[in-house]
Amino acid sequence: MKEFIEGSHAVAQIVKRCRPGVVSAYPITPQTHIVEDLAQMVSNKELDAQFVNVESEHSAASVVLGAEATGVRSYTATSSQGLLLMTEVVFNIAGMRLPVVMTTANRAISAPINIWNDQQDVMAVRDSGWVLLFAESVQEAVDLHLQAYKLGEDPDVMLPVMVNMDGFILTHGMEVVDMPTQEQVDAYLPPYKTTYKLDVDDPKTMGYLADPDYYLEIRSLVQETHRELLEKIPQMASEFQKTFGRECGGLIQTYRMEDADQAFIAAGSVCGTIRQAIDELREKGKKVGLVKIACYRPFPKAALVAALKNVKEAAVVDKSISLGGFGPFYTDATSSLSSLGAGMPKVSGFVLGLGGRDITVKSIHDVYEKLSGRQVDCEFIGLKQELLAETE
Amino acid sequence: MKEFIEGSHAVAQIVKRCRPGVVSAYPITPQTHIVEDLAQMVSNKELDAQFVNVESEHSAASVVLGAEATGVRSYTATSSQGLLLMTEVVFNIAGMRLPVVMTTANRAISAPINIWNDQQDVMAVRDSGWVLLFAESVQEAVDLHLQAYKLGEDPDVMLPVMVNMDGFILTHGMEVVDMPTQEQVDAYLPPYKTTYKLDVDDPKTMGYLADPDYYLEIRSLVQETHRELLEKIPQMASEFQKTFGRECGGLIQTYRMEDADQAFIAAGSVCGTIRQAIDELREKGKKVGLVKIACYRPFPKAALVAALKNVKEAAVVDKSISLGGFGPFYTDATSSLSSLGAGMPKVSGFVLGLGGRDITVKSIHDVYEKLSGRQVDCEFIGLKQELLAETE
Amino acid sequence: MKEIRIHARAGQGAITTAGILGYAYFLKGQYPYAFPHFGAARMGAPMNAFVRIDDKPVRLRSQVYNPDFLIVVDATLMRGFNCYVGFKEDGIAVINEREGMEIPKPQGRQKVFVVPGNKISTDIMGRALLGNTVLLGAYAAATGQLTLEDLANAIRERFGDKGQKIVDMNVEAIKRGYEFIKEKAKS
Amino acid sequence: MKEIRIHARAGQGAITTAGILGYAYFLKGQYPYAFPHFGAARMGAPMNAFVRIDDKPVRLRSQVYNPDFLIVVDATLMRGFNCYVGFKEDGIAVINEREGMEIPKPQGRQKVFVVPGNKISTDIMGRALLGNTVLLGAYAAATGQLTLEDLANAIRERFGDKGQKIVDMNVEAIKRGYEFIKEKAKS
Amino acid sequence: MAETLLKPGHTACAGCGQAIAARLVIDAAGKNTIIANNTGCLEVFSTKYPESSWCVPWIHSLFENCSAVASGIESGLKYLGKKDAINVIAQAGDGGTADIGLQALSGMLERGHDVLFVCYDNEAYMNTGIQRSGLTPTTSNTTTTPPGSASTGNPRPKKPMPDIAAAHGIPYVATASAGYPQDIQKKVKKALSIKGPKYMQIHVPCPLGWRHESNMTLEVAKLAVETGLYPIFEYENGKLIPRKIALIKPVEEYLKAQGRFKHLLKDPQAIKEVQAIADFNIAKYGLKA
Amino acid sequence: MAETLLKPGHTACAGCGQAIAARLVIDAAGKNTIIANNTGCLEVFSTKYPESSWCVPWIHSLFENCSAVASGIESGLKYLGKKDAINVIAQAGDGGTADIGLQALSGMLERGHDVLFVCYDNEAYMNTGIQRSGLTPTTSNTTTTPPGSASTGNPRPKKPMPDIAAAHGIPYVATASAGYPQDIQKKVKKALSIKGPKYMQIHVPCPLGWRHESNMTLEVAKLAVETGLYPIFEYENGKLIPRKIALIKPVEEYLKAQGRFKHLLKDPQAIKEVQAIADFNIAKYGLKA
Amino acid sequence: MIGHMTSKPGSSTANKTGSWRTEAKPKFLRKNCIACRMCVYICPEGIIEGKGKNEFSCDLNYCKGCGSCAKVCPKKDIEMIAEMEKE
Amino acid sequence: MIGHMTSKPGSSTANKTGSWRTEAKPKFLRKNCIACRMCVYICPEGIIEGKGKNEFSCDLNYCKGCGSCAKVCPKKDIEMIAEMEKE
Ligand SMILES: Cc1ncc(C[n+]2csc(CCOP(=O)(O)OP(=O)(O)O)c2C)c(N)n1
Ligand SMILES: Cc1ncc(C[n+]2csc(CCOP(=O)(O)OP(=O)(O)O)c2C)c(N)n1
Ligand code: SF4
Ligand code: SF4
Ligand code: SF4
Ligand code: SF4
Ligand code: SF4
Ligand code: SF4
Ligand SMILES: [Mg+2]
Ligand SMILES: [Mg+2]
């Protein structure tokens, strides 16, 4: 059913319809509305779940870890500093292969402190083993949560899934969303059943120590599962499309790429602004398109290469940066595209929108202008020169 | 003066000679010997410093942050879970531009828990803005600490520096080390002086909130400093060589690369084993060499490209992995090398030694064998097939 | 595509207002995207909310720099700050009147309507709480974008669970705002 | 390059032993690399220490799989575990005797010396604490790698700050181990 | 301009109790003071770049680590031989104190650093929009403990943070209230005259989060004290010194002044339970005059 | 094989007090128990893959979060409607309890989860090689508080963790000792019969870290109790119930049994100070028979 | 390099929060003032000054009009008046 | 997929820690035993069994020879004997 609804409310609604048994989170802007809604639902008995108000994100993640290990579907959400504070647990949850679902309301990280949107936070855990999905719109955020549970809880997967949605832009943006009904959700997502749990009738030991004789193989199996996900995720997207009649998820999505010889590569809500810019550029006769990274881990190397093998130039739009290195999307993308050898397009890397610096259509045009110029690996767009001067 | 000394003792000695005013750390294997030694020195009045036994790594990092902000040279060391637990502070220290020096005794990360060596821990903070140096030997670990303080405290740098040394292999390995004397250290490293500090006579506000109008520029300046470091670090290495008569540091180091048409790319102690393998391969007439990443952040793109532009094939040896992606060295290296366009060598990526799985000369030969085979991006070396089978 | 910028102080209900506005467009079958922009400050500090409307889903995620329509919830905001920045040449603004505050003159074909929102609200319920709703009625009349019924429907949907009385008062506020503009147009 | 593997239980001083051994080589101008390998277990569990020696800095960082020399600090380790795995064909082993423990036979040209380390230690100081030191003396004699003086120098440097008595006892232990082998060779 | 070390131009809400108390604290401490501040309203409203309201050296790092940062500052000053001349204050909201910052605080107390910790207790996470903290009182309506068919607001009792601090065996613990400004300053001065770790917790009404008029800050704070819901006391070397209440008022008077307790007013049973908490406090801390 | 829920084959040091206590605890709790265990000796020696000593469902996540993991387990069981039939125990060493795990523990206590927390107090970080923790007693020689010309070992007092737990207002707090095995089991059973959060702290000698013979575990534990250095008591709903000491022994008897206090034996002043701690405990907890 | 990493002490005075006031502002009547300083203590902006009786005033550049001073004055010697009213 | 993520209950019994013993092992004399169970309580390995008087024994497959049982036996009915000695 179509609704005009705030992103956070929409996510809370879909999470509720996924029937988690335990919800635990710690407040941080701009994630708060999601968990506040869930708290209200529990208070009103609309949602039969244990809502655990913890004392830090480290414990929020640990509570859902414990609940999930008890065989109960769990949910948490965080952002920015919260994600950094729970880093150790985030890695641990993946290593323990517990299919927790977490929403990250993407936000800048300290120092300096800044509550606005970018995507630096999620990058800090891109090695952790979580499946990392990125929503472009509120609709996608909703649909990805549904897919996240189904994907993570697949007995052949058993990995946690993070749905990234840009803070404020999507969490606080109100949009028209086709909300899956409870019936649809129940039909799509079966209750969580597993034997991998703490059960007094079948007592297992979880979270053991693995010495050098065993560790390598155990870690390699996580990587192996990610490799398998490169098949499963597109399958899931096409099934989803069949069931719900909407395109959502998958590894990548493309926009006007059929005949493109120039392309943007990006993820999240900025793709909308890029689409707008592309339409304008197309009107001027530029053959430009977009490859949207819908799933960042596993990294969709083959899909990306296939989508870009015919373009001449590409610009990667990163809303984060590996300081002293490059934008993470840029690095992964160029690394992957290098497999094209001599056929690799000329790719430049741009960093935009850190700390909520507004990304306008003009920003995208600025990137486009530079696409054909000197190749750059990590150029900031939109710097105010007067602020760069030494102040003391 | 030459000594036969355990890596941890050697590091503690050199740290002592750098005269830190505050040392704070939390114990974790295999970092413990370093801080235990420092504790003993303080207890014996050999070192005039405040030794702060904290309640967690999060606080260890916060204590040195506070001390450094008071204008006092500080030191901490950690490893693995400890580094993950202090992630938020690690990012914060760099964002606040406090030139803390930290030793990371590199170790695997949970789950499963494993106390042995690999380099997954440092990778979790590779975006943070810290300068990341890697030691191949105990000698290098010693020398890099000296350089670390000088580099980080440079008024034009003001960034924290992490010296990575492989856990057990270097921290618990005893080796012959030419230890810089106190006089040499004093001559090389002046006392830390700064106006960027908490001072009741010049009261400044540190750690403010920066909104979207300011944040982007402030972050970009960290990146800019990293860019400048690409010049400063080689300068520092050649000055160091002049003063101490030893090669140490710099961005990269090469071994038998003059005429090489095949190369390994690696960092840390595994480079020693690779050198051994190279010598053996050279005896068989293989023109193979090594490019060692001595500094990982800033990432030495230009140096790497220059060193490898003439090789045909290269193998990246990662002792870590971005699960669902590739080895971090592999990704950064191939991304950088892709700037060679059609001239880019064929590069394959290998993951070795996670969780302390011993890397032998044979392991390196195994990698070498695969170098000329099918190009791979992330192949595990040394997996025991029997452990990969489903056990339940 | 139409773009609306709302100026208010944190705590003055700009987001709710944007939400109702968006909802009215939604009920008409259009695709609004409404979103706030906060500073770091607290209750009382200036902030914005934006609404962007199109007949297909809005993808553009940037703030609104060249609004077609302006809604100024609190005229004191115009003290020392130019709410008209980027205002379209043929834009229409609806401003909540504030005693003693002079409203800067618009330029060219821009139209500015000063509406005694708080006064009308006080008329209706004894307090100024409905000021924004009055503005919405005025917005509909001034821009012709929405009918009274569009807005009343939106109010009913959004405030339905708050009780009939709240709904009625809000609908009344909308009507009064609407009529105020219509009256003015006549005069 | 020579490679030595030490078998011991955690807590039995294998690392100190490796350190002294390395130190003796170091004082001779060589480049030892000595390092332990622990399991996750506690005091009493089997563990290894390794020493690798060369006349230029040792770069190879792997464990020792094909030792030239073996030192077994506690013969009970050989109960159910083959300490000879990978032992070089012409390797030399020095094993601390343990009453009632049978020592497996070496193969081919391998030489194995069983030394009553603990007994000699008890002779010297009333306790078995110097057993490892005795083995070092025996190692020197059995392998010819080091002289008595090399080891005594190492002891003096490493234990100097523990007082003359400790040094003397250790030097004595080395001598006795050394002589034990020399005697044996004669007989 | 008025002489204070916390300058105006900050962006706190009108009537903010925390802004009042923070100024009283720093003015009592004086200019030879270094402050480490956790994330929270106070930090946000006083230090938006490129401006700052602080006239003393001041640092913010994260939400949870001001105690550890202050430990580092104190250690640095010790190393420099300057500690005796300079006060170090670590300060935080209730969330930054009793929840996410508790461990760092406990470590600081346990290690015996010469630091005064000040908790500005507005009884919820205000900076992020009024979520429950460990110091949120029972039944309070917050966005994460909303009343509903299955709930009367926050189900848990207020965490006895001063007692937890005192249990560490530190020399000085005190509670205070924005309702009694002079008392705050007296206690800050007393605390700073004592060597070692000190803990102060100040009740600071938040018009936004508690939903009271912006001019009611002092009144509301006083009512909390006068009803026994916010006991004012000191522990000097573990010895309890209560501030007696001349005339104890019924808790309704406090509750009805605030929107966060509005849902209680039709629920006499819930009010009784809150009264029981006040009675418990009055007995436990000997508040009866 | 002996009937126990903690099987042999684990790799604890010979004579390990923690191994003794952990077995007593789980055997008293019984098989309908789920354990969340912090990193530490106990976790490492009992669960090296592919083996495990535990016969109950057991989970380890990290060094600091067993309380939060247990909170999650308890919440999961509540959701499943199974909580009443199943005990949840969170357990950790002293470091995992009073230092790095304190905040998660405090949060668990404050939220009122029905979980028993057990701290195995061997008074240092043993798993990493005997570093000081918040529960390391004054003067103890650890690798991070080594005696030296400027130090007599650990300079700080032992953190009063049971009092800190009790200050949270939880229904049951108890100390126990490996010197009194039956008492441990009695208290575990009592604790599990009470709903809500419970805290138990068990003194467990560590032959490796304390440097005593492996057969002295029980003796040493008893001496700690008999000298007043390790007071044994319960707080039932805040009410103190001490275990009286029949014959109070001088602290030397305890100190001289252990290498970690060896440096004190030539330092009568230091011994006096330790005796003062015992005397303080005896007075504070009413230990005199 | 790191000049941009600090803010200057007291620099927030550049931010004239008096503009936030919308309804009311305080008027110091200076009639019955007993110089008890309660208004000084309680002002969240720290902008009330004065020494002797009837000498108190506030800095309207920053006053947010919270009304606390008027509320706490024991002598009712401060009054909140309409914002637009001339003092 | 996740079978390798758990260990089986009690599976550590595969690890015969009796091999760690180097010096001494307990001998249950079974003469004066009063079945007080102190040895059972105190054994860190949890390997002492027995019900009635003089019926106690331990499992030497796991006994690390710590000597605690012998030390605590109020009747001195357990003795530590040399490892190599036949029982
Ligand atoms: C690790 C982390 N988690 C969450 C946040 C978000 N956050 C910032 S301030 C705050 C609440 C502050 O509450 P309190 O300490 O009570 O101070 P107040 O704002 O109420 O004065 C929260 C949840 C953060 N900055 N960092
Ligand atoms: C975040 C983190 N920091 C440090 C460690 C290293 N570490 C593991 S166990 C341990 C000490 C455990 O001490 P305690 O809790 O007292 O248990 P014990 O081993 O003494 O029984 C330490 C420091 C870790 N695993 N994780
Ligand atoms: S929300 Fe509350 S604490 Fe924060 S500034 Fe406003 S009144 Fe003060
Ligand atoms: S170190 Fe201590 S606590 Fe750890 S296993 Fe050994 S005796 Fe037990
Ligand atoms: S509160 Fe009133 S009486 Fe007291 S100083 Fe202020 S104006 Fe004067
Ligand atoms: S109204 Fe409020 S802000 Fe203004 S002077 Fe009075 S107390 Fe201060
Ligand atoms: S301790 Fe001694 S007396 Fe008691 S049961 Fe054991 S063997 Fe028998
Ligand atoms: S010697 Fe120790 S391990 Fe062996 S049975 Fe006796 S108590 Fe148990
Ligand atoms: Mg608060
Ligand atoms: Mg311990």
# chains A, B, ... in the order shown; residues from 1 in each chain; ligands from 1
call {"tool": "residues_near_ligand", "arguments": {"ligand": "ligand 1", "cutoff": "7 Å", "atoms": "only C-alpha atoms and all ligand atoms", "output": "PyMOL selection string"}}
result
(chain A and resi 26-29+56-57+81-82+85) or (chain E and resi 39-42+62-64+92-97+120-128+133)
call {"tool": "residues_around", "arguments": {"residues": "Glu280 of chain A", "least_positions_apart": "6", "cutoff": "12 Å", "atoms": "only C-alpha atoms", "output": "PyMOL selection string"}}
result
chain A and resi 273-274+286-289+361-362+364-365+368
call {"tool": "select_by_dssp", "arguments": {"residues": "segment 81-134 of chain B", "states": "strand (DSSP E or B)", "output": "PyMOL selection string"}}
result
chain B and resi 101-106+113+131-134
call {"tool": "closest_residue", "arguments": {"among": "A:Gly71, A:Ala294, A:Ala111, A:Val163", "to": "chain G", "atoms": "only C-alpha atoms"}}
result
A:Ala111
call {"tool": "interface_residues", "arguments": {"of": "chain E", "to": "chain C", "cutoff": "8 Å", "atoms": "only C-alpha atoms", "output": "number ranges by chain"}}
result
E: 11-14, 44-45, 48, 208
call {"tool": "write_last_selection", "arguments": {"atoms": "N, CA and C atoms", "output": "compact mmCIF listing (two decimals), in the first residue's frame"}}
result
# COMPACT_ATOMS: atom_id res chain seq x y z
N THR E 11 24.11 28.14 22.00
CA THR E 11 22.83 27.87 21.35
C THR E 11 21.92 26.94 22.15
N ALA E 12 22.05 27.01 23.47
CA ALA E 12 21.13 26.22 24.30
C ALA E 12 19.72 26.74 24.14
N CYS E 13 18.74 25.89 24.44
CA CYS E 13 17.35 26.35 24.46
C CYS E 13 17.19 27.44 25.52
N ALA E 14 16.24 28.28 25.30
CA ALA E 14 15.91 29.29 26.31
C ALA E 14 15.54 28.59 27.61
N VAL E 44 27.55 20.57 22.48
CA VAL E 44 27.05 21.02 21.18
C VAL E 44 26.67 22.50 21.22
N PHE E 45 26.00 22.89 22.30
CA PHE E 45 25.52 24.27 22.27
C PHE E 45 26.61 25.29 22.57
N LYS E 48 30.14 25.30 18.73
CA LYS E 48 29.99 25.13 17.29
C LYS E 48 31.05 25.96 16.58
N LEU E 208 12.89 21.65 27.26
CA LEU E 208 12.49 20.91 26.08
C LEU E 208 12.09 19.48 26.43
call {"tool": "residues_near_ligand", "arguments": {"ligand": "ligand 8", "cutoff": "8 Å", "atoms": "only C-alpha atoms and all ligand atoms", "output": "list of chain:residue names"}}
result
F:Ala14, F:Gly15, F:Asn215, H:Ala24, H:Lys25, H:Pro26, H:Cys39, H:Val40, H:Ile42, H:Cys43, H:Pro44, H:Glu45, H:Gly46, H:Ile47, H:Ile48, H:Ser57, H:Cys58, H:Asp59, H:Leu60, H:Tyr62, H:Cys63, H:Lys64, H:Gly65, H:Cys66, H:Gly67, H:Ser68, H:Cys69, H:Ala70, H:Met80
call {"tool": "residues_around", "arguments": {"residues": "segment 17-28 of chain D", "least_positions_apart": "5", "cutoff": "9 Å", "atoms": "only C-alpha atoms", "output": "compact mmCIF listing (two decimals) with C-alpha atoms, in the first residue's frame"}}
result
# COMPACT_ATOMS: atom_id res chain seq x y z
CA GLU B 3 72.35 -6.08 21.40
CA PHE B 4 70.67 -9.45 21.21
CA ILE B 5 67.26 -8.52 22.41
CA GLU B 6 63.59 -9.46 22.28
CA MET B 174 64.99 -12.10 19.85
CA GLU B 175 67.31 -10.59 17.35
CA VAL B 176 70.52 -8.63 17.01
CA ILE D 4 67.47 -25.47 16.66
CA ARG D 5 64.17 -26.62 18.07
CA ILE D 6 63.53 -26.75 21.79
CA TYR D 33 66.87 -15.24 15.75
CA ALA D 34 65.19 -16.92 18.68
CA PHE D 35 61.44 -17.14 19.11
CA PRO D 36 58.80 -19.15 20.93
CA ALA D 49 61.07 -22.43 21.14
CA PHE D 50 63.25 -22.03 18.10
CA VAL D 51 66.66 -20.61 17.35
CA ARG D 52 67.91 -19.95 13.87
CA ILE D 53 71.52 -18.91 13.42
CA ASN D 132 68.11 -26.47 31.13
CA THR D 133 71.46 -24.84 31.72
CA LEU D 136 73.10 -26.08 27.15
CA GLN D 145 78.85 -25.20 17.91
CA LEU D 146 79.87 -23.29 20.98
CA GLU D 149 83.43 -19.98 27.30
CA ASP D 150 80.89 -18.80 24.74
CA LEU D 151 78.11 -20.04 26.96
CA ALA D 152 79.69 -18.82 30.16
CA ASN D 153 79.95 -15.36 28.63
CA ALA D 154 76.33 -15.44 27.69
CA ILE D 155 75.38 -16.48 31.20
CA GLU D 157 75.78 -11.10 30.45
CA ARG D 158 72.24 -12.33 30.88
call {"tool": "interface_residues", "arguments": {"of": "chain E", "to": "chain G", "cutoff": "9 Å", "atoms": "only C-alpha atoms", "output": "PyMOL selection string"}}
result
chain E and resi 1-21+23-24+46-57+178-179+181-182+213-219
call {"tool": "write_last_selection", "arguments": {"atoms": "C-alpha atoms", "output": "CSV table (one decimal), in the first residue's frame"}}
result
chain,number,residue,atom,x,y,z
E,1,MET,CA,29.8,42.0,29.3
E,2,ALA,CA,29.1,40.0,32.5
E,3,GLU,CA,32.2,38.4,33.9
E,4,THR,CA,31.9,34.7,33.3
E,5,LEU,CA,34.0,32.0,31.9
E,6,LEU,CA,31.1,30.6,29.8
E,7,LYS,CA,30.2,33.3,27.4
E,8,PRO,CA,26.8,34.0,25.8
E,9,GLY,CA,26.1,33.3,22.2
E,10,HIS,CA,25.8,29.6,22.9
E,11,THR,CA,22.8,27.9,21.3
E,12,ALA,CA,21.1,26.2,24.3
E,13,CYS,CA,17.4,26.3,24.5
E,14,ALA,CA,15.9,29.3,26.3
E,15,GLY,CA,15.8,28.5,30.0
E,16,CYS,CA,18.2,25.6,29.8
E,17,GLY,CA,19.1,24.4,33.3
E,18,GLN,CA,22.4,22.8,32.1
E,19,ALA,CA,23.6,26.2,30.7
E,20,ILE,CA,22.9,27.7,34.1
E,21,ALA,CA,24.7,25.0,36.1
E,23,ARG,CA,28.3,28.5,34.1
E,24,LEU,CA,28.1,28.3,37.9
E,46,SER,CA,28.8,25.8,23.5
E,47,THR,CA,31.3,24.9,20.8
E,48,LYS,CA,30.0,25.1,17.3
E,49,TYR,CA,33.0,25.9,15.1
E,50,PRO,CA,34.4,28.5,14.6
E,51,GLU,CA,32.9,29.8,17.9
E,52,SER,CA,33.2,28.8,21.5
E,53,SER,CA,31.7,30.0,24.7
E,54,TRP,CA,34.5,28.7,26.8
E,55,CYS,CA,37.2,31.0,28.3
E,56,VAL,CA,39.2,28.1,29.8
E,57,PRO,CA,41.1,25.4,28.0
E,178,ALA,CA,20.0,24.2,39.6
E,179,GLY,CA,17.3,25.2,42.1
E,181,PRO,CA,22.8,28.0,42.6
E,182,GLN,CA,24.9,29.1,45.5
E,213,GLU,CA,7.9,26.6,30.4
E,214,SER,CA,11.3,28.1,29.9
E,215,ASN,CA,10.9,30.3,33.0
E,216,MET,CA,10.1,27.4,35.3
E,217,THR,CA,13.6,26.0,35.5
E,218,LEU,CA,14.4,27.0,39.0
E,219,GLU,CA,11.0,26.2,40.3
call {"tool": "closest_residue", "arguments": {"among": "D:Phe81, D:His37, D:Ala8, D:Glu183", "to": "chain B", "atoms": "only C-alpha atoms"}}
result
D:His37
call {"tool": "interface_residues", "arguments": {"of": "chain B", "to": "chain A", "cutoff": "7 Å", "atoms": "only C-alpha atoms", "output": "count of residues only"}}
result
55
call {"tool": "interface_residues", "arguments": {"of": "chain F", "to": "chain E", "cutoff": "6 Å", "atoms": "only C-alpha atoms", "output": "list in words"}}
result
Leu102, Gln103, Asp163, Ile164 and Ala167 of chain F
call {"tool": "write_last_selection", "arguments": {"atoms": "all heavy atoms", "output": "compact mmCIF listing (two decimals), in the first residue's frame"}}
result
# COMPACT_ATOMS: atom_id res chain seq x y z
N LEU F 102 32.90 -3.62 33.15
CA LEU F 102 32.07 -2.99 34.18
C LEU F 102 30.83 -2.32 33.62
O LEU F 102 29.74 -2.40 34.20
CB LEU F 102 32.90 -1.95 34.94
CG LEU F 102 32.07 -1.22 36.01
CD1 LEU F 102 31.80 -2.14 37.19
CD2 LEU F 102 32.73 0.05 36.46
N GLN F 103 30.99 -1.63 32.52
CA GLN F 103 29.87 -0.84 32.01
C GLN F 103 28.74 -1.75 31.54
O GLN F 103 27.56 -1.49 31.82
CB GLN F 103 30.36 0.03 30.88
CG GLN F 103 29.34 1.03 30.40
CD GLN F 103 30.02 2.14 29.63
OE1 GLN F 103 30.77 2.93 30.17
NE2 GLN F 103 29.80 2.18 28.35
N ASP F 163 30.49 -3.79 46.62
CA ASP F 163 29.75 -2.60 47.07
C ASP F 163 29.22 -1.81 45.90
O ASP F 163 28.13 -1.24 45.96
CB ASP F 163 30.65 -1.73 47.95
CG ASP F 163 30.95 -2.40 49.27
OD1 ASP F 163 30.00 -2.57 50.06
OD2 ASP F 163 32.10 -2.80 49.49
N ILE F 164 30.02 -1.75 44.85
CA ILE F 164 29.57 -1.04 43.66
C ILE F 164 28.35 -1.75 43.07
O ILE F 164 27.36 -1.12 42.70
CB ILE F 164 30.71 -0.94 42.63
CG1 ILE F 164 31.82 -0.04 43.19
CG2 ILE F 164 30.21 -0.42 41.29
CD1 ILE F 164 33.11 -0.02 42.37
N ALA F 167 25.44 -1.06 45.30
CA ALA F 167 24.95 0.31 45.18
C ALA F 167 23.96 0.45 44.03
O ALA F 167 23.20 1.41 43.98
CB ALA F 167 26.11 1.28 44.99
call {"tool": "atom_distance", "arguments": {"atom1": "atom CA of Pro20 of chain B", "atom2": "atom CA of Tyr149 of chain B"}}
result
9.9 Å
call {"tool": "atom_distance", "arguments": {"atom1": "atom CA of Ala12 of chain B", "atom2": "atom CA of Lys45 of chain B"}}
result
14.4 Å
call {"tool": "atom_distance", "arguments": {"atom1": "atom CA of Asp118 of chain A", "atom2": "atom CA of Asn106 of chain A"}}
result
6.0 Å
call {"tool": "closest_residue", "arguments": {"among": "E:Asn38, E:Asn281, E:Ser75, E:Gln185", "to": "ligand 9", "atoms": "only C-alpha atoms and all ligand atoms"}}
result
E:Asn38
call {"tool": "select_by_dssp", "arguments": {"residues": "segment 140-177 of chain D", "states": "alpha helix (DSSP H)", "output": "ChimeraX atom specification"}}
result
/D:140-143,148-159,164-177
call {"tool": "residues_around", "arguments": {"residues": "segment 150-154 of chain B", "least_positions_apart": "6", "cutoff": "8 Å", "atoms": "only C-alpha atoms", "output": "ChimeraX atom specification"}}
result
/B:99-101,160-161,189,192,233,236
call {"tool": "write_last_selection", "arguments": {"atoms": "C-alpha atoms", "output": "tab-separated table (two decimals), in the first residue's frame"}}
result
chain	number	residue	atom	x	y	z
B	99	PRO	CA	50.74	13.16	17.30
B	100	VAL	CA	50.37	10.13	19.52
B	101	VAL	CA	52.63	7.19	18.76
B	160	PRO	CA	49.40	10.21	14.97
B	161	VAL	CA	51.70	7.45	13.82
B	189	LEU	CA	64.44	13.86	18.48
B	192	TYR	CA	57.90	18.05	21.93
B	233	ILE	CA	58.72	10.34	4.61
B	236	MET	CA	63.12	11.42	6.73
call {"tool": "decode", "arguments": {"residues": "segment 76-81 of chain D", "atoms": "N, CA and C atoms", "output": "compact mmCIF listing (two decimals), in the first residue's frame"}}
result
# COMPACT_ATOMS: atom_id res chain seq x y z
N THR D 76 59.37 -36.24 29.38
CA THR D 76 57.98 -36.75 29.41
C THR D 76 57.22 -36.26 28.18
N LEU D 77 57.74 -35.27 27.53
CA LEU D 77 57.09 -34.79 26.32
C LEU D 77 57.08 -35.84 25.23
N MET D 78 58.01 -36.79 25.35
CA MET D 78 58.14 -37.78 24.28
C MET D 78 57.15 -38.92 24.47
N ARG D 79 56.41 -38.85 25.58
CA ARG D 79 55.33 -39.80 25.82
C ARG D 79 54.23 -39.50 24.82
N GLY D 80 54.10 -40.36 23.85
CA GLY D 80 52.98 -40.17 22.91
C GLY D 80 53.18 -39.06 21.90
N PHE D 81 54.31 -38.38 21.91
CA PHE D 81 54.53 -37.35 20.90
C PHE D 81 55.93 -37.52 20.33
